[in-house]
>>> print(open('coords-v8.txt').read())   # compact mmCIF, C-alpha atoms
# COMPACT_ATOMS: atom_id res chain seq x y z
CA MET A 95 -18.87 -57.52 -16.03
CA ILE A 96 -18.36 -53.98 -14.65
CA ASP A 97 -18.71 -53.64 -10.90
CA TYR A 98 -20.00 -50.11 -10.39
CA TYR A 99 -19.64 -50.50 -6.62
CA GLU A 100 -16.00 -51.57 -6.79
CA THR A 101 -13.58 -49.63 -4.61
CA LYS A 102 -9.79 -49.61 -4.24
CA SER A 103 -7.64 -48.02 -1.54
CA GLN A 104 -10.14 -45.15 -1.10
CA PRO A 105 -13.85 -45.98 -0.50
CA ILE A 106 -15.17 -44.35 -3.68
CA THR A 107 -17.41 -46.30 -6.06
CA ARG A 108 -18.05 -45.65 -9.74
CA VAL A 109 -21.67 -44.89 -8.85
CA MET A 110 -20.50 -42.04 -6.61
CA VAL A 111 -18.51 -40.57 -9.50
CA TRP A 112 -21.38 -41.03 -11.97
CA GLU A 113 -23.90 -39.37 -9.64
CA ALA A 114 -21.49 -36.50 -9.08
CA TYR A 115 -21.10 -36.08 -12.84
CA LYS A 116 -24.86 -35.80 -13.34
CA LYS A 117 -25.17 -33.10 -10.67
CA VAL A 118 -22.27 -31.04 -11.98
CA ARG A 119 -23.37 -31.51 -15.60
CA ALA A 120 -26.82 -30.10 -14.77
CA ASN A 121 -25.18 -26.88 -13.54
CA LYS A 122 -23.16 -26.53 -16.78
CA GLY A 123 -20.37 -24.00 -16.23
CA ALA A 124 -17.25 -22.92 -18.09
CA ALA A 125 -14.02 -24.83 -18.71
CA GLY A 126 -11.04 -24.63 -16.39
CA ILE A 127 -7.39 -24.03 -17.24
CA ASP A 128 -7.27 -27.21 -19.36
CA GLU A 129 -9.89 -25.64 -21.67
CA VAL A 130 -11.87 -28.90 -21.73
CA SER A 131 -15.50 -27.96 -22.36
CA TRP A 132 -18.58 -30.04 -21.59
CA GLN A 133 -18.94 -30.79 -25.28
CA HIS A 134 -15.45 -32.26 -25.38
CA PHE A 135 -15.80 -34.02 -22.02
CA ASP A 136 -19.08 -35.71 -22.99
CA LYS A 137 -17.59 -37.20 -26.17
CA GLU A 138 -15.55 -39.58 -24.02
CA VAL A 139 -17.56 -39.42 -20.82
CA SER A 140 -17.17 -43.11 -19.88
CA ALA A 141 -13.41 -43.04 -20.32
CA GLN A 142 -13.12 -39.66 -18.55
CA LEU A 143 -15.12 -40.82 -15.53
CA TYR A 144 -13.28 -44.13 -15.32
CA LYS A 145 -9.93 -42.33 -15.33
CA LEU A 146 -11.14 -39.92 -12.63
CA TRP A 147 -12.54 -42.76 -10.49
CA ASN A 148 -9.31 -44.74 -10.87
CA ARG A 149 -7.22 -41.79 -9.67
CA LEU A 150 -9.57 -40.92 -6.83
CA THR A 151 -9.69 -44.46 -5.49
CA SER A 152 -5.93 -44.98 -5.73
CA GLY A 153 -5.11 -41.67 -4.05
CA SER A 154 -3.19 -40.48 -7.13
CA TYR A 155 -5.66 -37.73 -7.99
CA PHE A 156 -4.22 -34.22 -7.80
CA PRO A 157 -6.35 -31.25 -8.90
CA LYS A 158 -5.21 -28.62 -11.37
CA PRO A 159 -5.04 -24.95 -10.36
CA VAL A 160 -8.26 -22.98 -10.71
CA ARG A 161 -8.78 -20.41 -13.47
CA GLN A 162 -9.44 -16.98 -12.02
CA VAL A 163 -12.13 -14.77 -13.58
CA SER A 164 -13.53 -11.45 -12.41
CA ILE A 165 -17.20 -10.50 -12.45
CA PRO A 166 -18.51 -7.03 -11.59
CA LYS A 167 -20.33 -6.48 -8.29
CA SER A 168 -23.62 -4.61 -8.28
CA ALA A 169 -22.23 -2.19 -5.68
CA GLY A 170 -19.03 -1.60 -7.64
CA GLY A 171 -15.72 -3.40 -7.82
CA VAL A 172 -15.23 -7.00 -8.91
CA ARG A 173 -15.63 -10.43 -7.39
CA LYS A 174 -12.91 -12.94 -8.21
CA LEU A 175 -14.07 -16.47 -8.95
CA GLY A 176 -11.91 -19.57 -9.20
CA ILE A 177 -13.11 -21.98 -11.91
CA PRO A 178 -11.86 -25.58 -11.49
CA THR A 179 -11.63 -27.96 -14.43
CA ILE A 180 -14.68 -30.09 -15.17
CA ALA A 181 -12.98 -33.21 -13.82
CA ASP A 182 -12.05 -31.38 -10.63
CA ARG A 183 -15.63 -30.15 -10.18
CA ILE A 184 -16.89 -33.73 -10.45
CA ALA A 185 -14.30 -34.89 -7.91
CA GLN A 186 -15.34 -32.06 -5.57
CA GLN A 187 -18.97 -33.15 -5.88
CA VAL A 188 -18.02 -36.69 -4.84
CA VAL A 189 -16.42 -35.37 -1.67
CA ARG A 190 -19.13 -32.76 -1.09
CA THR A 191 -21.89 -35.39 -1.15
CA GLN A 192 -20.03 -37.49 1.40
CA LEU A 193 -19.13 -34.55 3.66
CA GLU A 194 -22.55 -32.92 3.45
CA ARG A 195 -24.21 -36.07 4.71
CA ILE A 196 -21.99 -35.95 7.79
CA VAL A 197 -22.14 -32.26 8.72
CA GLU A 198 -25.69 -31.27 7.70
CA PRO A 199 -27.34 -32.51 10.93
CA TYR A 200 -25.03 -30.29 12.98
CA PHE A 201 -25.75 -27.00 11.18
CA HIS A 202 -27.66 -24.28 13.01
CA GLN A 203 -31.35 -23.89 12.22
CA ASN A 204 -30.80 -20.22 11.28
CA SER A 205 -28.07 -21.01 8.76
CA TYR A 206 -29.81 -20.86 5.38
CA GLY A 207 -27.12 -20.70 2.70
CA TYR A 208 -26.52 -23.60 0.31
CA ARG A 209 -28.70 -25.99 2.29
CA LYS A 210 -31.40 -28.26 0.93
CA GLY A 211 -34.87 -27.18 2.00
CA LYS A 212 -33.75 -23.67 3.00
CA SER A 213 -33.82 -20.52 0.89
CA GLN A 214 -33.18 -16.79 0.87
CA HIS A 215 -36.89 -16.18 1.37
CA ASP A 216 -36.86 -18.31 4.51
CA ALA A 217 -34.00 -16.19 5.86
CA VAL A 218 -35.73 -12.90 5.00
CA GLU A 219 -39.05 -13.99 6.54
CA LYS A 220 -37.24 -15.11 9.71
CA ALA A 221 -35.41 -11.77 9.86
CA MET A 222 -38.75 -9.93 9.59
CA SER A 223 -40.18 -12.07 12.38
CA ASN A 224 -37.21 -11.50 14.70
CA ALA A 225 -37.25 -7.77 13.95
CA MET A 226 -40.75 -7.55 15.41
CA THR A 227 -39.46 -8.43 18.88
CA ASN A 228 -35.97 -6.94 18.60
CA ASP A 229 -35.66 -3.25 17.79
CA TRP A 230 -31.96 -3.26 16.87
CA VAL A 231 -30.01 -5.10 14.18
CA ILE A 232 -26.32 -5.67 13.58
CA ASP A 233 -25.63 -5.75 9.84
CA LEU A 234 -22.43 -7.79 9.69
CA ASP A 235 -20.12 -7.88 6.68
CA ILE A 236 -17.00 -10.06 6.75
CA LYS A 237 -14.22 -8.56 4.68
CA SER A 238 -13.26 -10.77 1.68
CA TYR A 239 -14.55 -13.82 3.51
CA PHE A 240 -13.99 -16.52 0.88
CA ASP A 241 -10.48 -15.20 0.15
CA THR A 242 -9.27 -14.98 3.76
CA ILE A 243 -10.34 -18.26 5.38
CA ASP A 244 -7.35 -19.71 7.17
CA HIS A 245 -6.58 -23.18 5.78
CA GLU A 246 -5.31 -24.64 9.04
CA LEU A 247 -8.37 -23.50 10.99
CA LEU A 248 -10.70 -24.66 8.22
CA LEU A 249 -9.21 -28.16 8.16
CA LYS A 250 -9.42 -28.26 11.94
CA ALA A 251 -13.13 -27.42 11.73
CA VAL A 252 -13.79 -30.03 9.04
CA SER A 253 -11.84 -32.75 10.86
CA HIS A 254 -13.87 -32.08 14.02
CA TYR A 255 -16.93 -33.48 12.23
CA CYS A 256 -15.41 -35.73 9.58
CA LYS A 257 -12.82 -38.38 10.43
CA GLU A 258 -12.56 -39.93 6.95
CA GLU A 259 -8.96 -39.43 5.85
CA TRP A 260 -9.66 -39.48 2.11
CA VAL A 261 -12.08 -36.58 2.45
CA LEU A 262 -9.57 -34.50 4.40
CA MET A 263 -6.77 -35.44 1.99
CA TYR A 264 -8.61 -34.21 -1.08
CA ILE A 265 -9.90 -31.05 0.61
CA THR A 266 -6.31 -30.23 1.53
CA ARG A 267 -5.22 -30.72 -2.07
CA TRP A 268 -7.96 -28.43 -3.39
CA LEU A 269 -7.07 -25.72 -0.91
CA LYS A 270 -3.42 -25.88 -2.03
CA ALA A 271 -4.08 -26.29 -5.77
CA GLY A 272 -3.15 -22.72 -6.64
CA ILE A 273 -4.62 -20.06 -8.93
CA VAL A 274 -3.90 -19.10 -12.52
CA GLN A 275 -4.72 -15.42 -12.81
CA GLN A 276 -6.28 -13.81 -15.87
CA ASP A 277 -2.85 -12.75 -17.13
CA GLY A 278 -1.70 -16.38 -16.98
CA VAL A 279 0.48 -15.97 -13.88
CA TYR A 280 0.33 -18.80 -11.32
CA THR A 281 0.08 -18.00 -7.60
CA ASP A 282 -0.04 -20.29 -4.59
CA SER A 283 -3.24 -20.57 -2.55
CA LEU A 284 -2.19 -19.42 0.91
CA THR A 285 -5.67 -18.63 2.28
CA GLY A 286 -9.28 -18.92 1.21
CA THR A 287 -11.42 -21.33 -0.74
CA PRO A 288 -12.20 -19.99 -4.22
CA GLN A 289 -15.76 -19.02 -5.08
CA GLY A 290 -16.73 -21.04 -8.11
CA GLY A 291 -15.65 -24.37 -6.69
CA VAL A 292 -18.32 -27.00 -6.05
CA ILE A 293 -17.17 -27.71 -2.50
CA SER A 294 -16.37 -24.11 -1.50
CA PRO A 295 -19.91 -23.23 -0.28
CA LEU A 296 -19.96 -26.25 2.02
CA LEU A 297 -16.47 -25.55 3.38
CA SER A 298 -17.36 -21.92 4.02
CA ASN A 299 -20.53 -23.02 5.83
CA ILE A 300 -18.59 -25.42 8.05
CA PHE A 301 -16.09 -22.72 8.95
CA LEU A 302 -18.69 -20.10 9.88
CA HIS A 303 -20.71 -22.75 11.70
CA VAL A 304 -17.77 -23.17 14.07
CA VAL A 305 -16.55 -19.57 14.08
CA PHE A 306 -19.93 -17.85 14.36
CA ASP A 307 -23.04 -20.06 14.72
CA ARG A 308 -21.85 -22.27 17.56
CA TRP A 309 -20.12 -19.36 19.27
CA MET A 310 -23.34 -17.29 19.20
CA GLU A 311 -25.33 -20.28 20.46
CA LYS A 312 -22.92 -20.71 23.37
CA HIS A 313 -22.21 -17.09 24.37
CA HIS A 314 -25.29 -15.19 23.15
CA PRO A 315 -28.13 -17.72 22.92
CA GLU A 316 -30.77 -15.03 23.49
CA LYS A 317 -29.66 -13.05 20.39
CA PRO A 318 -31.40 -14.45 17.28
CA PHE A 319 -29.61 -14.21 13.95
CA GLU A 320 -29.93 -15.22 10.32
CA ARG A 321 -26.97 -16.27 8.21
CA TYR A 322 -26.93 -16.97 4.49
CA ALA A 323 -23.34 -17.94 3.68
CA ASP A 324 -21.41 -14.85 4.87
CA ASP A 325 -24.44 -12.52 4.87
CA ILE A 326 -25.34 -12.14 8.55
CA VAL A 327 -27.81 -10.09 10.58
CA VAL A 328 -28.00 -10.27 14.39
CA HIS A 329 -30.97 -9.00 16.41
CA CYS A 330 -30.70 -7.17 19.74
CA LYS A 331 -33.16 -5.64 22.20
CA THR A 332 -31.33 -2.40 22.98
CA GLU A 333 -28.73 -0.01 21.59
CA LYS A 334 -26.27 -0.85 24.36
CA GLN A 335 -26.73 -4.56 23.76
CA ALA A 336 -26.08 -4.15 20.02
CA GLN A 337 -22.89 -2.19 20.67
CA TYR A 338 -21.57 -4.82 23.07
CA VAL A 339 -22.46 -7.82 20.88
CA LEU A 340 -20.87 -6.22 17.83
CA LYS A 341 -17.68 -5.60 19.82
CA MET A 342 -17.60 -9.26 20.91
CA ILE A 343 -18.26 -10.52 17.36
CA VAL A 344 -15.41 -8.43 15.97
CA LEU A 345 -13.11 -9.86 18.65
CA ARG A 346 -14.26 -13.42 17.93
CA LEU A 347 -13.69 -13.06 14.20
CA SER A 348 -10.24 -11.59 14.70
CA THR A 349 -9.19 -14.59 16.81
CA CYS A 350 -10.24 -16.78 13.85
CA LYS A 351 -8.22 -14.64 11.42
CA LEU A 352 -11.22 -12.90 9.89
CA ALA A 353 -12.07 -9.19 9.85
CA VAL A 354 -15.25 -7.18 9.44
CA SER A 355 -15.60 -4.50 6.80
CA GLU A 356 -15.79 -1.30 8.85
CA SER A 357 -17.51 0.61 6.05
CA LYS A 358 -20.26 -2.01 5.57
CA THR A 359 -20.77 -3.33 9.10
CA LYS A 360 -23.21 -1.20 11.07
CA ILE A 361 -25.81 -1.07 13.82
CA VAL A 362 -29.34 -0.40 12.55
CA ASN A 363 -32.13 1.12 14.63
CA LEU A 364 -35.40 -0.29 13.33
CA ARG A 365 -37.78 0.74 16.10
CA GLY A 366 -35.70 1.71 19.12
CA THR A 367 -35.40 5.06 20.90
CA THR A 368 -32.02 6.77 21.05
CA GLU A 369 -30.39 10.20 20.97
CA LYS A 370 -27.85 9.05 18.38
CA LYS A 371 -28.49 8.80 14.66
CA TYR A 372 -28.43 5.29 13.17
CA PRO A 373 -29.49 3.84 9.82
CA ARG A 374 -33.19 2.91 9.82
CA SER A 375 -33.10 0.01 7.37
CA VAL A 376 -30.97 -3.06 6.75
CA ASP A 377 -30.31 -4.68 3.38
CA PHE A 378 -30.36 -8.47 3.44
CA LEU A 379 -30.26 -10.79 0.42
CA GLY A 380 -31.54 -8.18 -2.01
CA PHE A 381 -34.31 -6.98 0.29
CA SER A 382 -34.46 -3.94 2.55
CA LEU A 383 -36.01 -4.45 5.99
CA ARG A 384 -37.41 -1.22 7.38
CA PRO A 385 -40.21 -0.03 9.68
CA ILE A 386 -43.53 1.32 8.43
CA TRP A 387 -46.60 2.61 10.23
CA SER A 388 -49.49 0.22 9.72
CA LYS A 389 -53.11 0.31 10.85
CA THR A 390 -54.02 -2.72 12.97
CA SER A 391 -57.01 -3.75 15.05
CA LYS A 392 -55.20 -2.24 18.04
CA GLY A 393 -54.44 1.06 16.33
CA ASN A 394 -51.44 2.28 14.35
CA LYS A 395 -48.27 0.30 14.97
CA LEU A 396 -44.70 0.51 13.74
CA LEU A 397 -44.13 -2.79 11.93
CA VAL A 398 -41.10 -4.12 10.07
CA THR A 399 -41.51 -5.45 6.55
CA SER A 400 -39.35 -6.13 3.50
CA PHE A 401 -39.00 -4.14 0.28
CA ILE A 402 -36.80 -4.65 -2.73
CA SER A 403 -33.55 -2.85 -1.92
CA LYS A 404 -32.36 0.21 -3.84
CA ALA A 405 -29.30 -1.75 -5.02
CA SER A 406 -31.56 -4.49 -6.39
CA ILE A 407 -33.76 -1.95 -8.19
CA THR A 408 -30.68 -0.38 -9.77
CA ARG A 409 -29.38 -3.78 -10.85
CA VAL A 410 -32.69 -4.84 -12.45
CA LEU A 411 -33.20 -1.53 -14.27
CA ARG A 412 -29.60 -1.61 -15.49
CA LYS A 413 -30.32 -5.03 -16.96
CA PHE A 414 -33.37 -3.77 -18.86
CA ARG A 415 -31.51 -0.66 -19.98
CA SER A 416 -28.62 -2.75 -21.35
CA TYR A 417 -30.99 -4.44 -23.81
CA GLY A 418 -31.77 -1.20 -25.66
CA ILE A 419 -35.35 -2.43 -26.13
CA HIS A 420 -36.48 0.63 -28.09
CA LYS A 421 -33.96 -0.21 -30.85
CA TRP A 422 -35.23 -3.75 -31.43
CA ARG A 423 -36.89 -4.11 -34.80
CA LYS A 424 -39.02 -7.16 -34.09
CA PRO A 425 -42.65 -7.93 -33.15
CA ILE A 426 -43.73 -7.28 -29.58
CA GLU A 427 -44.32 -11.03 -29.14
CA ALA A 428 -40.63 -11.64 -29.85
CA ILE A 429 -39.70 -8.95 -27.35
CA ALA A 430 -41.87 -10.64 -24.72
CA THR A 431 -40.17 -13.98 -25.39
CA LYS A 432 -36.75 -12.36 -25.01
CA LEU A 433 -37.60 -10.52 -21.77
CA GLN A 434 -39.74 -13.21 -20.14
CA PRO A 435 -36.90 -15.11 -18.35
CA VAL A 436 -35.64 -11.90 -16.72
CA ILE A 437 -39.13 -10.73 -15.76
CA ARG A 438 -40.02 -14.14 -14.34
CA GLY A 439 -36.77 -14.23 -12.40
CA VAL A 440 -37.47 -10.87 -10.77
CA ILE A 441 -41.07 -11.84 -9.95
CA ASN A 442 -40.14 -15.27 -8.56
CA TYR A 443 -37.50 -13.78 -6.27
CA TYR A 444 -38.74 -10.36 -5.19
CA CYS A 445 -42.51 -10.93 -5.32
CA LYS A 446 -42.66 -14.18 -3.37
CA ILE A 447 -43.50 -12.45 -0.06
CA TRP A 448 -45.53 -9.60 -1.60
CA SER A 449 -45.41 -7.69 -4.89
CA SER A 450 -46.48 -4.04 -4.53
CA HIS A 451 -42.97 -2.91 -3.63
CA THR A 452 -41.74 -3.78 -7.16
CA ARG A 453 -44.25 -1.45 -8.84
CA TYR A 454 -41.61 1.13 -9.83
CA ILE A 455 -39.62 -1.50 -11.76
CA TRP A 456 -42.61 -2.51 -13.86
CA GLN A 457 -43.57 1.10 -14.50
CA GLN A 458 -40.07 1.71 -15.85
CA LEU A 459 -40.24 -1.41 -18.01
CA ASN A 460 -43.61 -0.31 -19.41
CA ALA A 461 -42.06 3.07 -20.20
CA ARG A 462 -39.35 1.29 -22.21
CA LEU A 463 -41.99 -0.72 -24.07
CA LEU A 464 -43.83 2.52 -24.79
CA LYS A 465 -40.63 3.98 -26.22
CA TRP A 466 -40.32 0.89 -28.44
CA VAL A 467 -43.87 1.45 -29.74
CA LYS A 468 -43.07 5.09 -30.56
CA TRP A 469 -39.92 4.09 -32.50
CA GLU A 470 -41.32 0.97 -34.15
CA LYS A 471 -44.77 2.30 -35.08
CA GLY A 472 -43.80 5.95 -35.62
CA LEU A 473 -46.45 7.15 -33.17
CA TYR A 474 -46.61 10.06 -30.76
CA LYS A 475 -46.89 9.34 -27.04
CA LYS A 476 -50.70 9.36 -26.75
CA ALA A 477 -51.23 7.12 -29.78
CA ALA A 478 -48.37 4.83 -28.68
CA MET A 479 -49.94 4.46 -25.25
CA LYS A 480 -53.30 3.61 -26.83
CA TRP A 481 -51.62 0.96 -29.03
CA LEU A 482 -49.88 -0.63 -26.03
CA GLN A 483 -53.07 -0.63 -23.95
CA THR A 484 -54.95 -2.30 -26.83
CA LYS A 485 -52.24 -4.99 -26.96
CA TYR A 486 -52.66 -5.50 -23.21
CA ARG A 487 -56.43 -6.01 -23.58
CA GLU A 488 -55.85 -8.49 -26.40
CA LYS A 489 -53.06 -10.40 -24.65
CA PRO A 490 -52.97 -9.57 -20.92
CA ASN A 491 -50.49 -12.39 -20.26
CA LEU A 492 -48.04 -11.40 -22.98
CA PHE A 493 -45.65 -9.95 -20.39
CA ALA A 494 -45.66 -11.59 -16.95
CA HIS A 495 -45.40 -8.24 -15.15
CA TRP A 496 -48.61 -6.99 -16.77
CA GLN A 497 -50.46 -9.00 -14.12
CA LEU A 498 -48.91 -6.65 -11.55
CA VAL A 499 -48.67 -3.33 -13.43
CA HIS A 500 -50.31 -3.02 -16.83
CA PRO A 501 -49.72 -0.22 -19.37
>>> encode(input="coords-v8.txt", output="structure tokens")
Amino acid sequence: MIDYYETKSQPITRVMVWEAYKKVRANKGAAGIDEVSWQHFDKEVSAQLYKLWNRLTSGSYFPKPVRQVSIPKSAGGVRKLGIPTIADRIAQQVVRTQLERIVEPYFHQNSYGYRKGKSQHDAVEKAMSNAMTNDWVIDLDIKSYFDTIDHELLLKAVSHYCKEEWVLMYITRWLKAGIVQQDGVYTDSLTGTPQGGVISPLLSNIFLHVVFDRWMEKHHPEKPFERYADDIVVHCKTEKQAQYVLKMIVLRLSTCKLAVSESKTKIVNLRGTTEKKYPRSVDFLGFSLRPIWSKTSKGNKLLVTSFISKASITRVLRKFRSYGIHKWRKPIEAIATKLQPVIRGVINYYCKIWSSHTRYIWQQLNARLLKWVKWEKGLYKKAAMKWLQTKYREKPNLFAHWQLVHP
């Protein structure tokens, strides 16, 4: 009889490994340096998980180096990800589940990243709320955060909350596992925790919880902030206050071996009065928070609300443009099926708070559909528009965005 709750020298049961497998499997993901895909792994899943459990519980488990890949950033440049093997991702999930249970109760209420029950929208709504009583914002950008975390300080932060030696042992091994670059060259991991790892988001949260959240709570408790992973905005009452707090934050980060990006970190004046010129909007999690004049029961007031950011608009339109919709030789129903996941994704994320600010995106998409009609049906603009409007009347739900902006 198999004892799924059996443990050896390390307190890890087979159930823990099996549950970790199911979570990681649901997220799919690419193979690591061993080139073992999910299809291959699942053929011998019982044997693979037993071997992993046996090594984890005996302390003989050592992770393989991560495979480095580069993905383009929306603002230019590339982001380097470290892809562990499938077995290593499962092992990381085992440790993450255990560690998360310990540290989650200690996290700050305004830390939103990678936490159950918290989302980007919660962070944006809180930022809008705090901006109504604080006229100034510090838009903080930590330079290459995931790549520059000091290992010694990170382990010190983790060990402050978690005393279980097996957890600390395996975290240390992952941090030191090394990287195989895209050209096949191996390099040691001297700093950082690679983006792409299952446990990296939790480790980065723990580190910034100690470095930033707790420090702000202790030294600047009256300054509200929102943090989603390493995306941070801090609210201040006055220009002078914002300048001082930013100076102190930069000093605090430097003592923890982190640095701010001077080109991206800035003070934003949302509603304050000053003789100096400051930016008037702050981008946060794909949204742009900026002031607008609004008519209220007490007269016109300068309120702060959120819009889709210019960078997000550019990214979405670039996605639609890359499809070359006007060149597709297929029925419009097939086009709708193809585009629906992207359209739904944009609506679900950017239209959750309100939707009118995405109008330009849907107008541009309708223009691309109109171009398809002209090419596919051989019609001039006026006739093509009439054809598309007829299709809208027949099937108003064909494209999800037609409920917001119809042809």
>>> closest_residue(input="coords-v8.txt", among="A:Lys489, A:Arg415, A:Lys480, A:Lys145", to="A:Ile455", atoms="only C-alpha atoms")
A:Arg415
>>> closest_atom_pairs(input="coords-v8.txt", of="stretch 125-219 of chain A", to="stretch 300-322 of chain A", cutoff="12 Å", atoms="all atoms listed in the file", output="JSON lines")
{"residue": "A:Arg190", "atom": "CA", "partner": "A:Ile300", "partner_atom": "CA", "distance": 11.7}
{"residue": "A:Leu193", "atom": "CA", "partner": "A:Ile300", "partner_atom": "CA", "distance": 10.1}
{"residue": "A:Glu194", "atom": "CA", "partner": "A:Ile300", "partner_atom": "CA", "distance": 9.6}
{"residue": "A:Ile196", "atom": "CA", "partner": "A:Ile300", "partner_atom": "CA", "distance": 11.1}
{"residue": "A:Val197", "atom": "CA", "partner": "A:Ile300", "partner_atom": "CA", "distance": 7.7}
{"residue": "A:Glu198", "atom": "CA", "partner": "A:Ile300", "partner_atom": "CA", "distance": 9.2}
{"residue": "A:Pro199", "atom": "CA", "partner": "A:Ile300", "partner_atom": "CA", "distance": 11.6}
{"residue": "A:Tyr200", "atom": "CA", "partner": "A:His303", "partner_atom": "CA", "distance": 8.8}
{"residue": "A:Phe201", "atom": "CA", "partner": "A:His303", "partner_atom": "CA", "distance": 6.6}
{"residue": "A:His202", "atom": "CA", "partner": "A:Asp307", "partner_atom": "CA", "distance": 6.5}
{"residue": "A:Gln203", "atom": "CA", "partner": "A:Glu320", "partner_atom": "CA", "distance": 9.0}
{"residue": "A:Asn204", "atom": "CA", "partner": "A:Glu320", "partner_atom": "CA", "distance": 5.2}
{"residue": "A:Ser205", "atom": "CA", "partner": "A:Arg321", "partner_atom": "CA", "distance": 4.9}
{"residue": "A:Tyr206", "atom": "CA", "partner": "A:Tyr322", "partner_atom": "CA", "distance": 4.9}
{"residue": "A:Gly207", "atom": "CA", "partner": "A:Tyr322", "partner_atom": "CA", "distance": 4.1}
{"residue": "A:Tyr208", "atom": "CA", "partner": "A:Tyr322", "partner_atom": "CA", "distance": 7.8}
{"residue": "A:Arg209", "atom": "CA", "partner": "A:Tyr322", "partner_atom": "CA", "distance": 9.5}
{"residue": "A:Lys212", "atom": "CA", "partner": "A:Tyr322", "partner_atom": "CA", "distance": 9.7}
{"residue": "A:Ser213", "atom": "CA", "partner": "A:Tyr322", "partner_atom": "CA", "distance": 8.5}
{"residue": "A:Gln214", "atom": "CA", "partner": "A:Tyr322", "partner_atom": "CA", "distance": 7.2}
{"residue": "A:His215", "atom": "CA", "partner": "A:Tyr322", "partner_atom": "CA", "distance": 10.5}
{"residue": "A:Asp216", "atom": "CA", "partner": "A:Glu320", "partner_atom": "CA", "distance": 9.6}
{"residue": "A:Ala217", "atom": "CA", "partner": "A:Glu320", "partner_atom": "CA", "distance": 6.1}
{"residue": "A:Val218", "atom": "CA", "partner": "A:Glu320", "partner_atom": "CA", "distance": 8.2}
{"residue": "A:Glu219", "atom": "CA", "partner": "A:Glu320", "partner_atom": "CA", "distance": 9.9}
>>> residues_near_point(input="coords-v8.txt", point="(-14.6, -41.0, -2.5)", cutoff="9 Å", atoms="only C-alpha atoms", output="PyMOL selection string")
chain A and resi 101+104-107+110-111+147+150-151+185+188-189+192+260-261
>>> atom_distance(input="coords-v8.txt", atom1="atom CA of A:Gln275", atom2="atom CA of A:Val160")
8.6 Å
>>> closest_residue(input="coords-v8.txt", among="A:Glu333, A:Pro157, A:Ala353, A:Ser253", to="A:Glu369", atoms="only C-alpha atoms")
A:Glu333
>>> residues_around(input="coords-v8.txt", residues="A:Lys471", least_positions_apart="6", cutoff="12 Å", atoms="only C-alpha atoms", output="PyMOL selection string")
chain A and resi 420-426+463-465+477-482
>>> axis_aligned_box(input="coords-v8.txt", around="stretch 211-227 of chain A", padding_each_side="6 Å", output="JSON")
{"center_x": -37.0, "center_y": -17.4, "center_z": 9.9, "size_x": 19.6, "size_y": 31.6, "size_z": 30.0}
>>> atom_distance(input="coords-v8.txt", atom1="atom CA of A:Ser357", atom2="atom CA of A:Gln335")
20.6 Å
